[in-house]
$ cat my_file-v8.cif   # mmCIF, C-alpha atoms and all ligand atoms
data_my_file
#
loop_
_atom_site.group_PDB
_atom_site.id
_atom_site.type_symbol
_atom_site.label_atom_id
_atom_site.label_comp_id
_atom_site.auth_asym_id
_atom_site.auth_seq_id
_atom_site.Cartn_x
_atom_site.Cartn_y
_atom_site.Cartn_z
ATOM 1 C CA MET A 19 3.610 -6.203 0.354
ATOM 2 C CA GLN A 20 3.710 -3.722 -2.500
ATOM 3 C CA PHE A 21 6.101 -0.805 -2.981
ATOM 4 C CA SER A 22 5.347 2.108 -5.301
ATOM 5 C CA ASN A 23 5.915 5.848 -5.585
ATOM 6 C CA PHE A 24 3.430 8.032 -3.763
ATOM 7 C CA LYS A 25 1.948 11.043 -5.529
ATOM 8 C CA GLU A 26 0.059 14.153 -4.473
ATOM 9 C CA HIS A 27 -3.272 12.275 -4.409
ATOM 10 C CA ASP A 28 -1.853 9.845 -1.801
ATOM 11 C CA LEU A 29 -0.879 12.623 0.599
ATOM 12 C CA SER A 30 -4.031 12.541 2.767
ATOM 13 C CA ALA A 31 -3.257 8.965 3.824
ATOM 14 C CA ILE A 32 0.475 9.673 4.099
ATOM 15 C CA GLU A 33 -0.146 12.730 6.294
ATOM 16 C CA LEU A 34 -2.385 10.741 8.656
ATOM 17 C CA ILE A 35 0.558 8.422 9.329
ATOM 18 C CA GLU A 36 3.072 11.278 9.523
ATOM 19 C CA ASN A 37 0.931 13.174 12.042
ATOM 20 C CA GLU A 38 0.334 10.198 14.309
ATOM 21 C CA VAL A 39 3.979 9.114 14.583
ATOM 22 C CA HIS A 40 5.933 12.397 14.696
ATOM 23 C CA ALA A 41 5.732 15.149 17.307
ATOM 24 C CA TYR A 42 6.972 17.623 14.674
ATOM 25 C CA PRO A 43 5.514 16.227 11.447
ATOM 26 C CA TRP A 44 6.332 17.214 7.890
ATOM 27 C CA THR A 45 3.743 19.540 6.387
ATOM 28 C CA ARG A 46 1.950 18.947 3.087
ATOM 29 C CA GLY A 47 4.307 21.562 1.648
ATOM 30 C CA ASN A 48 7.332 19.496 2.704
ATOM 31 C CA PHE A 49 5.904 16.418 0.946
ATOM 32 C CA LEU A 50 5.014 18.423 -2.169
ATOM 33 C CA ASP A 51 8.543 19.868 -2.285
ATOM 34 C CA SER A 52 9.958 16.345 -2.190
ATOM 35 C CA ILE A 53 7.638 15.153 -4.962
ATOM 36 C CA LYS A 54 8.495 18.206 -7.096
ATOM 37 C CA SER A 55 12.209 17.730 -6.448
ATOM 38 C CA SER A 56 11.961 14.162 -7.731
ATOM 39 C CA HIS A 57 12.993 12.634 -4.445
ATOM 40 C CA THR A 58 12.199 8.941 -4.272
ATOM 41 C CA CYS A 59 8.867 8.996 -2.424
ATOM 42 C CA LEU A 60 7.982 5.391 -1.674
ATOM 43 C CA MET A 61 4.930 3.915 -0.041
ATOM 44 C CA MET A 62 4.375 0.415 1.229
ATOM 45 C CA LYS A 63 0.921 -1.112 0.878
ATOM 46 C CA LEU A 64 -0.565 -4.144 2.549
ATOM 47 C CA ASN A 65 -3.905 -5.305 1.130
ATOM 48 C CA GLU A 66 -4.282 -1.982 -0.718
ATOM 49 C CA GLU A 67 -3.763 0.019 2.501
ATOM 50 C CA ILE A 68 -0.800 2.397 2.865
ATOM 51 C CA ILE A 69 1.011 1.274 6.011
ATOM 52 C CA GLY A 70 4.280 3.158 5.625
ATOM 53 C CA PHE A 71 6.296 5.494 3.483
ATOM 54 C CA SER A 72 9.776 6.871 3.013
ATOM 55 C CA VAL A 73 11.503 9.718 1.233
ATOM 56 C CA MET A 74 14.996 9.287 -0.190
ATOM 57 C CA MET A 75 17.121 11.946 -1.850
ATOM 58 C CA PHE A 76 19.895 10.874 -4.193
ATOM 59 C CA VAL A 77 22.869 13.231 -4.549
ATOM 60 C CA LEU A 78 25.826 11.999 -6.635
ATOM 61 C CA ASP A 79 26.782 8.679 -5.037
ATOM 62 C CA GLU A 80 24.995 9.393 -1.759
ATOM 63 C CA CYS A 81 21.497 8.456 -0.683
ATOM 64 C CA HIS A 82 19.907 10.550 2.083
ATOM 65 C CA LEU A 83 17.012 8.965 3.916
ATOM 66 C CA LEU A 84 14.853 11.995 4.772
ATOM 67 C CA ASN A 85 11.799 10.295 6.228
ATOM 68 C CA MET A 86 10.645 6.810 7.096
ATOM 69 C CA SER A 87 7.443 6.071 8.959
ATOM 70 C CA ILE A 88 5.296 3.051 9.668
ATOM 71 C CA LYS A 89 1.665 3.447 10.715
ATOM 72 C CA LYS A 90 1.424 3.158 14.497
ATOM 73 C CA SER A 91 -0.874 0.110 14.581
ATOM 74 C CA MET A 92 1.462 -1.696 12.156
ATOM 75 C CA GLN A 93 4.700 -1.069 14.044
ATOM 76 C CA LYS A 94 6.736 -3.832 15.727
ATOM 77 C CA LYS A 95 5.610 -6.433 13.180
ATOM 78 C CA GLY A 96 8.725 -6.407 11.014
ATOM 79 C CA HIS A 97 7.369 -3.938 8.431
ATOM 80 C CA GLY A 98 10.023 -1.313 9.201
ATOM 81 C CA SER A 99 12.758 -3.906 8.635
ATOM 82 C CA HIS A 100 11.171 -5.055 5.380
ATOM 83 C CA PHE A 101 10.890 -1.469 4.188
ATOM 84 C CA LEU A 102 14.464 -0.576 5.122
ATOM 85 C CA LYS A 103 15.765 -3.630 3.223
ATOM 86 C CA GLU A 104 13.816 -2.462 0.167
ATOM 87 C CA MET A 105 15.322 1.034 0.447
ATOM 88 C CA ILE A 106 18.857 -0.326 0.786
ATOM 89 C CA GLN A 107 18.250 -2.439 -2.324
ATOM 90 C CA ARG A 108 16.978 0.575 -4.261
ATOM 91 C CA ALA A 109 19.980 2.662 -3.161
ATOM 92 C CA ARG A 110 22.303 -0.103 -4.432
ATOM 93 C CA LEU A 111 20.478 -0.183 -7.769
ATOM 94 C CA ALA A 112 20.914 3.602 -7.989
ATOM 95 C CA HIS A 113 24.689 3.068 -7.484
ATOM 96 C CA SER A 114 24.789 4.921 -4.183
ATOM 97 C CA LYS A 115 27.869 4.207 -2.133
ATOM 98 C CA THR A 116 26.545 5.406 1.210
ATOM 99 C CA ILE A 117 23.158 5.950 2.832
ATOM 100 C CA TYR A 118 23.007 8.782 5.379
ATOM 101 C CA LEU A 119 20.274 9.730 7.807
ATOM 102 C CA GLU A 120 19.658 11.815 10.893
ATOM 103 C CA VAL A 121 17.622 10.531 13.814
ATOM 104 C CA ARG A 122 16.609 12.012 17.151
ATOM 105 C CA ILE A 123 18.923 10.801 19.879
ATOM 106 C CA SER A 124 15.858 9.736 21.941
ATOM 107 C CA ASN A 125 14.398 7.631 19.081
ATOM 108 C CA HIS A 126 15.513 4.233 20.361
ATOM 109 C CA ALA A 127 13.186 2.277 18.045
ATOM 110 C CA ALA A 128 14.633 3.838 14.896
ATOM 111 C CA ILE A 129 18.248 3.733 16.122
ATOM 112 C CA HIS A 130 17.780 0.043 16.953
ATOM 113 C CA LEU A 131 16.405 -0.626 13.470
ATOM 114 C CA TYR A 132 19.224 1.218 11.667
ATOM 115 C CA ASP A 133 21.830 -0.406 13.896
ATOM 116 C CA LYS A 134 20.387 -3.843 13.055
ATOM 117 C CA TYR A 135 20.970 -3.192 9.348
ATOM 118 C CA GLY A 136 24.571 -2.092 9.847
ATOM 119 C CA PHE A 137 24.305 1.685 10.038
ATOM 120 C CA ASN A 138 27.084 3.281 12.093
ATOM 121 C CA GLU A 139 26.831 6.369 14.260
ATOM 122 C CA MET A 140 29.050 8.936 12.555
ATOM 123 C CA SER A 141 28.542 12.075 14.614
ATOM 124 C CA ILE A 142 26.153 14.060 16.753
ATOM 125 C CA ARG A 143 24.476 17.178 15.400
ATOM 126 C CA LYS A 144 23.938 19.306 18.469
ATOM 127 C CA ASP A 145 20.462 20.845 18.959
ATOM 128 C CA TYR A 146 19.388 19.738 15.483
ATOM 129 C CA TYR A 147 15.682 19.197 16.218
ATOM 130 C CA ARG A 148 12.928 21.157 17.899
ATOM 131 C CA ALA A 149 11.801 19.521 21.138
ATOM 132 C CA LYS A 150 9.234 20.089 23.885
ATOM 133 C CA GLU A 151 11.840 21.683 26.078
ATOM 134 C CA GLY A 152 14.284 23.459 23.820
ATOM 135 C CA ARG A 153 16.242 21.433 21.301
ATOM 136 C CA GLU A 154 17.318 17.829 20.813
ATOM 137 C CA ASP A 155 20.486 16.372 19.277
ATOM 138 C CA ALA A 156 20.483 14.295 16.090
ATOM 139 C CA VAL A 157 22.616 11.248 15.522
ATOM 140 C CA LEU A 158 24.055 11.178 12.001
ATOM 141 C CA MET A 159 24.186 7.564 10.845
ATOM 142 C CA GLY A 160 25.665 6.081 7.704
ATOM 143 C CA LEU A 161 25.733 2.753 5.904
ATOM 144 C CA VAL A 162 28.307 1.929 3.234
ATOM 145 C CA ILE A 163 26.582 -0.288 0.663
HETATM 146 C C1 LIG A 201 11.254 3.295 13.488
HETATM 147 C C2 LIG A 201 10.116 2.529 12.827
HETATM 148 C C3 LIG A 201 10.119 2.840 11.334
HETATM 149 C C4 LIG A 201 10.320 1.033 13.038
HETATM 150 O O1 LIG A 201 9.284 0.352 12.351
HETATM 151 P P1 LIG A 201 8.734 -1.086 12.852
HETATM 152 O O2 LIG A 201 7.806 -1.577 11.805
HETATM 153 O O3 LIG A 201 8.247 -0.988 14.219
HETATM 154 O O4 LIG A 201 10.102 -1.937 12.806
HETATM 155 P P2 LIG A 201 10.261 -3.509 12.998
HETATM 156 O O5 LIG A 201 9.001 -4.126 13.479
HETATM 157 O O6 LIG A 201 10.859 -4.039 11.742
HETATM 158 O O7 LIG A 201 11.323 -3.558 14.172
HETATM 159 C C5 LIG A 201 12.689 -3.322 13.926
HETATM 160 C C6 LIG A 201 13.468 -3.496 15.205
HETATM 161 O O8 LIG A 201 13.223 -2.375 16.054
HETATM 162 C C7 LIG A 201 12.719 -2.837 17.309
HETATM 163 N N1 LIG A 201 11.743 -1.870 17.796
HETATM 164 C C8 LIG A 201 10.613 -1.494 17.154
HETATM 165 N N2 LIG A 201 9.958 -0.590 17.921
HETATM 166 C C9 LIG A 201 10.705 -0.435 19.042
HETATM 167 C C10 LIG A 201 10.572 0.366 20.194
HETATM 168 N N3 LIG A 201 9.522 1.184 20.366
HETATM 169 N N4 LIG A 201 11.555 0.324 21.141
HETATM 170 C C11 LIG A 201 12.627 -0.478 20.981
HETATM 171 N N5 LIG A 201 12.825 -1.271 19.887
HETATM 172 C C12 LIG A 201 11.861 -1.244 18.945
HETATM 173 C C13 LIG A 201 12.100 -4.165 17.026
HETATM 174 O O9 LIG A 201 12.045 -4.978 18.189
HETATM 175 C C14 LIG A 201 13.040 -4.729 16.000
HETATM 176 O O10 LIG A 201 14.218 -5.215 16.595
HETATM 177 P P3 LIG A 201 14.542 -6.768 16.653
HETATM 178 O O11 LIG A 201 14.426 -7.269 15.231
HETATM 179 O O12 LIG A 201 15.930 -6.800 17.186
HETATM 180 O O13 LIG A 201 13.503 -7.364 17.540
HETATM 181 C C15 LIG A 201 8.738 2.904 13.452
HETATM 182 O O14 LIG A 201 8.839 2.772 14.851
HETATM 183 C C16 LIG A 201 8.249 4.302 13.120
HETATM 184 O O15 LIG A 201 7.646 4.539 12.084
HETATM 185 N N6 LIG A 201 8.504 5.244 14.055
HETATM 186 C C17 LIG A 201 8.011 6.621 13.905
HETATM 187 C C18 LIG A 201 8.718 7.356 12.801
HETATM 188 C C19 LIG A 201 10.208 7.383 13.000
HETATM 189 O O16 LIG A 201 10.712 7.545 14.098
HETATM 190 N N7 LIG A 201 10.930 7.242 11.877
HETATM 191 C C20 LIG A 201 12.367 7.281 11.865
HETATM 192 C C21 LIG A 201 12.827 8.676 11.768
HETATM 193 S S1 LIG A 201 14.589 8.756 11.502
#

$ encode --input "my_file-v8.cif" --output "structure tokens"
Amino acid sequence: MQFSNFKEHDLSAIELIENEVHAYPWTRGNFLDSIKSSHTCLMMKLNEEIIGFSVMMFVLDECHLLNMSIKKSMQKKGHGSHFLKEMIQRARLAHSKTIYLEVRISNHAAIHLYDKYGFNEMSIRKDYYRAKEGREDAVLMGLVI
């Protein structure tokens, strides 16, 4: 498994993953904003193929995990866990004290993953996300590292 920063020329492959795993995917503009803002835009490759990516924003001693996605056909094989461990390690190296993230309350797979690595539910952000019928709450989770 290889980890490296993704750049604008990787976005076609990144967007294919984003669009297949999210009902309300990030747009190319969202990814470009993150690259321009020097967020940590990481991709994970297996045999030269991009199988997942994440976007982390570092603010003072906080790390905000803005996006994390694993290609559908590669899910449930431990790649998400491997990737999250790598991100936690990078946040430690950047001297972050806490990692924060928001996740849809219905996203049991992601909540299970974050829970497994020690993230705690800190609060609920009411109606945070768009949803098929109206809005959906976000769970704010945090990990002290
Ligand atoms: C969340 C996500 C990153 C997990 O990636 P993954 O590669 O499937 O994760 P792993 O294989 O390492 O599995 C991690 C744990 O979650 C569990 N899990 C994975 N998919 C699951 C599902 N659909 N339902 C319930 N649990 C699930 C696994 O069983 C494993 O738990 P275990 O070790 O106790 O058995 C992946 O499902 C994904 O990309 N989802 C779409 C994007 C997304 O929701 N991102 C998070 C936004 S905050």

$ resolve_selection --input "my_file-v8.cif" --expression "the PyMOL selection byres (((chain A and resi 48-61) around 7) and not hetatm)" --output "PDB file with C-alpha atoms, in the frame of the given file"
ATOM      1  CA  PHE A  21       6.101  -0.805  -2.981  1.00  0.00           C
ATOM      2  CA  SER A  22       5.347   2.108  -5.301  1.00  0.00           C
ATOM      3  CA  ASN A  23       5.915   5.848  -5.585  1.00  0.00           C
ATOM      4  CA  PHE A  24       3.430   8.032  -3.763  1.00  0.00           C
ATOM      5  CA  GLU A  26       0.059  14.153  -4.473  1.00  0.00           C
ATOM      6  CA  TRP A  44       6.332  17.214   7.890  1.00  0.00           C
ATOM      7  CA  THR A  45       3.743  19.540   6.387  1.00  0.00           C
ATOM      8  CA  ARG A  46       1.950  18.947   3.087  1.00  0.00           C
ATOM      9  CA  GLY A  47       4.307  21.562   1.648  1.00  0.00           C
ATOM     10  CA  MET A  62       4.375   0.415   1.229  1.00  0.00           C
ATOM     11  CA  LYS A  63       0.921  -1.112   0.878  1.00  0.00           C
ATOM     12  CA  ILE A  68      -0.800   2.397   2.865  1.00  0.00           C
ATOM     13  CA  GLY A  70       4.280   3.158   5.625  1.00  0.00           C
ATOM     14  CA  PHE A  71       6.296   5.494   3.483  1.00  0.00           C
ATOM     15  CA  SER A  72       9.776   6.871   3.013  1.00  0.00           C
ATOM     16  CA  VAL A  73      11.503   9.718   1.233  1.00  0.00           C
ATOM     17  CA  MET A  74      14.996   9.287  -0.190  1.00  0.00           C
ATOM     18  CA  MET A  75      17.121  11.946  -1.850  1.00  0.00           C
TER      19      MET A  75
END

$ closest_atom_pairs --input "my_file-v8.cif" --of "chain A" --to "ligand LIG 201 (chain A)" --cutoff "8 Å" --atoms "only C-alpha atoms and all ligand atoms" --output "CSV"
residue,atom,partner,partner_atom,distance
A:Glu36,CA,A:LIG201,C18,7.6
A:Val39,CA,A:LIG201,C17,4.8
A:His40,CA,A:LIG201,C18,6.1
A:Gly70,CA,A:LIG201,O15,7.4
A:Leu83,CA,A:LIG201,S1,8.0
A:Leu84,CA,A:LIG201,S1,7.5
A:Asn85,CA,A:LIG201,C21,5.9
A:Met86,CA,A:LIG201,N7,4.8
A:Ser87,CA,A:LIG201,O15,3.5
A:Ile88,CA,A:LIG201,O15,3.7
A:Lys89,CA,A:LIG201,O15,6.2
A:Lys90,CA,A:LIG201,O15,6.8
A:Met92,CA,A:LIG201,O2,6.4
A:Gln93,CA,A:LIG201,O3,3.6
A:Lys94,CA,A:LIG201,O5,3.2
A:Lys95,CA,A:LIG201,O5,4.1
A:Gly96,CA,A:LIG201,O6,3.3
A:His97,CA,A:LIG201,O2,4.1
A:Gly98,CA,A:LIG201,O2,3.4
A:Ser99,CA,A:LIG201,O6,3.6
A:His100,CA,A:LIG201,O6,6.5
A:Phe101,CA,A:LIG201,O6,8.0
A:Leu119,CA,A:LIG201,S1,6.8
A:Glu120,CA,A:LIG201,S1,6.0
A:Val121,CA,A:LIG201,S1,4.2
A:Arg122,CA,A:LIG201,S1,6.8
A:Asn125,CA,A:LIG201,O16,6.2
A:His126,CA,A:LIG201,C11,5.6
A:Ala127,CA,A:LIG201,C9,3.8
A:Ala128,CA,A:LIG201,C1,3.7
A:Ile129,CA,A:LIG201,C1,7.5
A:His130,CA,A:LIG201,O8,5.2
A:Leu131,CA,A:LIG201,O8,4.5
A:Lys134,CA,A:LIG201,O12,6.8

$ closest_residue --input "my_file-v8.cif" --among "A:Arg143, A:Ala149, A:Tyr135, A:Ile117" --to "Ile163 of chain A" --atoms "all atoms listed in the file"
A:Ile117

$ atom_distance --input "my_file-v8.cif" --atom1 "atom CA of Glu80 of chain A" --atom2 "atom CA of Leu158 of chain A"
13.9 Å

$ residues_around --input "my_file-v8.cif" --residues "Arg108 of chain A" --least-positions-apart "5" --cutoff "10 Å" --atoms "only C-alpha atoms" --output "JSON list (two decimals) with C-alpha atoms, keeping the file's coordinate frame"
[["chain", "number", "residue", "atom", "x", "y", "z"],
["A", 58, "THR", "CA", 12.20, 8.94, -4.27],
["A", 74, "MET", "CA", 15.00, 9.29, -0.19],
["A", 81, "CYS", "CA", 21.50, 8.46, -0.68],
["A", 102, "LEU", "CA", 14.46, -0.58, 5.12],
["A", 103, "LYS", "CA", 15.76, -3.63, 3.22],
["A", 113, "HIS", "CA", 24.69, 3.07, -7.48],
["A", 114, "SER", "CA", 24.79, 4.92, -4.18]]

$ resolve_selection --input "my_file-v8.cif" --expression "the PyMOL selection byres (((chain A and resi 138) around 9) and not hetatm)" --output "mmCIF file with C-alpha atoms, keeping the file's coordinate frame"
data_model
loop_
_atom_site.group_PDB
_atom_site.id
_atom_site.type_symbol
_atom_site.label_atom_id
_atom_site.label_comp_id
_atom_site.auth_asym_id
_atom_site.auth_seq_id
_atom_site.Cartn_x
_atom_site.Cartn_y
_atom_site.Cartn_z
ATOM 1 C CA TYR A 132 19.224 1.218 11.667
ATOM 2 C CA ASP A 133 21.830 -0.406 13.896
ATOM 3 C CA GLY A 136 24.571 -2.092 9.847
ATOM 4 C CA PHE A 137 24.305 1.685 10.038
ATOM 5 C CA GLU A 139 26.831 6.369 14.260
ATOM 6 C CA MET A 140 29.050 8.936 12.555
ATOM 7 C CA LEU A 158 24.055 11.178 12.001
ATOM 8 C CA MET A 159 24.186 7.564 10.845
ATOM 9 C CA GLY A 160 25.665 6.081 7.704
ATOM 10 C CA LEU A 161 25.733 2.753 5.904
#

$ atom_distance --input "my_file-v8.cif" --atom1 "atom CA of Lys150 of chain A" --atom2 "atom CA of Asn37 of chain A"
16.0 Å

$ closest_residue --input "my_file-v8.cif" --among "A:Asn65, A:Tyr118, A:Ser30, A:Glu154" --to "Ile106 of chain A" --atoms "all atoms listed in the file"
A:Tyr118

$ closest_residue --input "my_file-v8.cif" --among "A:Arg148, A:Arg153, A:His82, A:Lys25" --to "Lys115 of chain A" --atoms "only C-alpha atoms"
A:His82

$ atom_distance --input "my_file-v8.cif" --atom1 "atom CA of Leu29 of chain A" --atom2 "atom CA of Glu67 of chain A"
13.1 Å

$ axis_aligned_box --input "my_file-v8.cif" --around "segment 74-82 of chain A" --padding-each-side "4 Å" --output "AutoDock Vina command-line options"
--center_x 20.9 --center_y 10.8 --center_z -2.3 --size_x 19.8 --size_y 12.8 --size_z 16.7

$ closest_residue --input "my_file-v8.cif" --among "A:Thr116, A:Ser91, A:Val162, A:Glu33" --to "Leu78 of chain A" --atoms "only C-alpha atoms"
A:Thr116

$ decode --input "my_file-v8.cif" --residues "segment 19-108 of chain A" --atoms "C-alpha atoms" --output "PDB file, in the first residue's frame"
ATOM      1  CA  MET A  19       0.000   0.000   0.000  1.00  0.00           C
ATOM      2  CA  GLN A  20       1.316   3.425  -0.921  1.00  0.00           C
ATOM      3  CA  PHE A  21       0.225   6.798   0.456  1.00  0.00           C
ATOM      4  CA  SER A  22       0.910  10.071  -1.348  1.00  0.00           C
ATOM      5  CA  ASN A  23      -0.654  13.479  -1.925  1.00  0.00           C
ATOM      6  CA  PHE A  24      -3.168  13.681  -4.736  1.00  0.00           C
ATOM      7  CA  LYS A  25      -2.980  16.554  -7.203  1.00  0.00           C
ATOM      8  CA  GLU A  26      -5.294  18.064  -9.795  1.00  0.00           C
ATOM      9  CA  HIS A  27      -4.286  15.462 -12.411  1.00  0.00           C
ATOM     10  CA  ASP A  28      -5.487  12.657 -10.085  1.00  0.00           C
ATOM     11  CA  LEU A  29      -8.967  14.133  -9.719  1.00  0.00           C
ATOM     12  CA  SER A  30     -10.671  12.090 -12.469  1.00  0.00           C
ATOM     13  CA  ALA A  31      -9.932   8.865 -10.584  1.00  0.00           C
ATOM     14  CA  ILE A  32     -10.700  10.460  -7.212  1.00  0.00           C
ATOM     15  CA  GLU A  33     -14.053  11.777  -8.465  1.00  0.00           C
ATOM     16  CA  LEU A  34     -15.063   8.340  -9.773  1.00  0.00           C
ATOM     17  CA  ILE A  35     -14.696   6.998  -6.229  1.00  0.00           C
ATOM     18  CA  GLU A  36     -16.356  10.041  -4.648  1.00  0.00           C
ATOM     19  CA  ASN A  37     -19.363   9.782  -6.976  1.00  0.00           C
ATOM     20  CA  GLU A  38     -19.902   6.070  -6.445  1.00  0.00           C
ATOM     21  CA  VAL A  39     -19.810   6.152  -2.633  1.00  0.00           C
ATOM     22  CA  HIS A  40     -21.574   9.417  -1.718  1.00  0.00           C
ATOM     23  CA  ALA A  41     -25.167  10.415  -2.440  1.00  0.00           C
ATOM     24  CA  TYR A  42     -24.100  14.078  -2.252  1.00  0.00           C
ATOM     25  CA  PRO A  43     -20.529  13.987  -3.566  1.00  0.00           C
ATOM     26  CA  TRP A  44     -17.920  16.721  -3.442  1.00  0.00           C
ATOM     27  CA  THR A  45     -17.579  18.566  -6.736  1.00  0.00           C
ATOM     28  CA  ARG A  46     -14.310  19.075  -8.610  1.00  0.00           C
ATOM     29  CA  GLY A  47     -14.414  22.635  -7.278  1.00  0.00           C
ATOM     30  CA  ASN A  48     -14.508  21.348  -3.690  1.00  0.00           C
ATOM     31  CA  PHE A  49     -11.425  19.184  -4.335  1.00  0.00           C
ATOM     32  CA  LEU A  50      -9.603  22.034  -6.086  1.00  0.00           C
ATOM     33  CA  ASP A  51     -10.369  24.362  -3.162  1.00  0.00           C
ATOM     34  CA  SER A  52      -8.844  21.826  -0.781  1.00  0.00           C
ATOM     35  CA  ILE A  53      -5.725  21.429  -2.928  1.00  0.00           C
ATOM     36  CA  LYS A  54      -5.353  25.222  -3.221  1.00  0.00           C
ATOM     37  CA  SER A  55      -5.882  25.655   0.518  1.00  0.00           C
ATOM     38  CA  SER A  56      -3.042  23.220   1.187  1.00  0.00           C
ATOM     39  CA  HIS A  57      -5.248  20.729   2.952  1.00  0.00           C
ATOM     40  CA  THR A  58      -3.599  17.342   3.289  1.00  0.00           C
ATOM     41  CA  CYS A  59      -5.078  15.508   0.294  1.00  0.00           C
ATOM     42  CA  LEU A  60      -3.972  11.897   0.579  1.00  0.00           C
ATOM     43  CA  MET A  61      -4.546   8.979  -1.727  1.00  0.00           C
ATOM     44  CA  MET A  62      -3.963   5.312  -1.106  1.00  0.00           C
ATOM     45  CA  LYS A  63      -2.752   3.158  -3.984  1.00  0.00           C
ATOM     46  CA  LEU A  64      -2.697  -0.591  -4.343  1.00  0.00           C
ATOM     47  CA  ASN A  65      -0.729  -1.907  -7.329  1.00  0.00           C
ATOM     48  CA  GLU A  66      -0.674   1.601  -8.845  1.00  0.00           C
ATOM     49  CA  GLU A  67      -4.479   1.910  -8.600  1.00  0.00           C
ATOM     50  CA  ILE A  68      -6.082   4.614  -6.436  1.00  0.00           C
ATOM     51  CA  ILE A  69      -8.399   2.761  -4.063  1.00  0.00           C
ATOM     52  CA  GLY A  70      -9.124   5.499  -1.540  1.00  0.00           C
ATOM     53  CA  PHE A  71      -8.460   9.053  -0.523  1.00  0.00           C
ATOM     54  CA  SER A  72      -8.880  11.475   2.338  1.00  0.00           C
ATOM     55  CA  VAL A  73      -8.764  15.196   2.969  1.00  0.00           C
ATOM     56  CA  MET A  74      -7.487  16.569   6.270  1.00  0.00           C
ATOM     57  CA  MET A  75      -7.406  20.198   7.346  1.00  0.00           C
ATOM     58  CA  PHE A  76      -4.980  21.251  10.055  1.00  0.00           C
ATOM     59  CA  VAL A  77      -5.941  24.278  12.162  1.00  0.00           C
ATOM     60  CA  LEU A  78      -3.673  25.134  15.117  1.00  0.00           C
ATOM     61  CA  ASP A  79      -3.540  21.922  17.157  1.00  0.00           C
ATOM     62  CA  GLU A  80      -6.666  20.435  15.588  1.00  0.00           C
ATOM     63  CA  CYS A  81      -6.986  18.090  12.644  1.00  0.00           C
ATOM     64  CA  HIS A  82     -10.332  18.047  10.808  1.00  0.00           C
ATOM     65  CA  LEU A  83     -11.038  14.992   8.705  1.00  0.00           C
ATOM     66  CA  LEU A  84     -13.125  16.447   5.859  1.00  0.00           C
ATOM     67  CA  ASN A  85     -13.438  13.426   3.598  1.00  0.00           C
ATOM     68  CA  MET A  86     -12.479   9.777   3.604  1.00  0.00           C
ATOM     69  CA  SER A  87     -13.599   7.316   0.966  1.00  0.00           C
ATOM     70  CA  ILE A  88     -12.671   3.826  -0.125  1.00  0.00           C
ATOM     71  CA  LYS A  89     -13.596   2.559  -3.586  1.00  0.00           C
ATOM     72  CA  LYS A  90     -16.764   0.474  -3.341  1.00  0.00           C
ATOM     73  CA  SER A  91     -15.268  -2.793  -4.631  1.00  0.00           C
ATOM     74  CA  MET A  92     -12.397  -2.444  -2.135  1.00  0.00           C
ATOM     75  CA  GLN A  93     -14.516  -1.822   0.958  1.00  0.00           C
ATOM     76  CA  LYS A  94     -14.778  -4.283   3.871  1.00  0.00           C
ATOM     77  CA  LYS A  95     -11.246  -5.590   3.294  1.00  0.00           C
ATOM     78  CA  GLY A  96      -9.515  -3.605   6.025  1.00  0.00           C
ATOM     79  CA  HIS A  97      -8.358  -0.760   3.751  1.00  0.00           C
ATOM     80  CA  GLY A  98     -10.420   1.864   5.592  1.00  0.00           C
ATOM     81  CA  SER A  99      -8.825   0.811   8.888  1.00  0.00           C
ATOM     82  CA  HIS A 100      -5.341   0.900   7.377  1.00  0.00           C
ATOM     83  CA  PHE A 101      -5.991   4.347   5.944  1.00  0.00           C
ATOM     84  CA  LEU A 102      -7.417   5.738   9.181  1.00  0.00           C
ATOM     85  CA  LYS A 103      -4.359   4.491  11.110  1.00  0.00           C
ATOM     86  CA  GLU A 104      -2.137   6.298   8.601  1.00  0.00           C
ATOM     87  CA  MET A 105      -4.125   9.524   9.046  1.00  0.00           C
ATOM     88  CA  ILE A 106      -3.953   9.314  12.839  1.00  0.00           C
ATOM     89  CA  GLN A 107      -0.187   8.833  12.555  1.00  0.00           C
ATOM     90  CA  ARG A 108       0.141  11.853  10.268  1.00  0.00           C
TER      91      ARG A 108
END
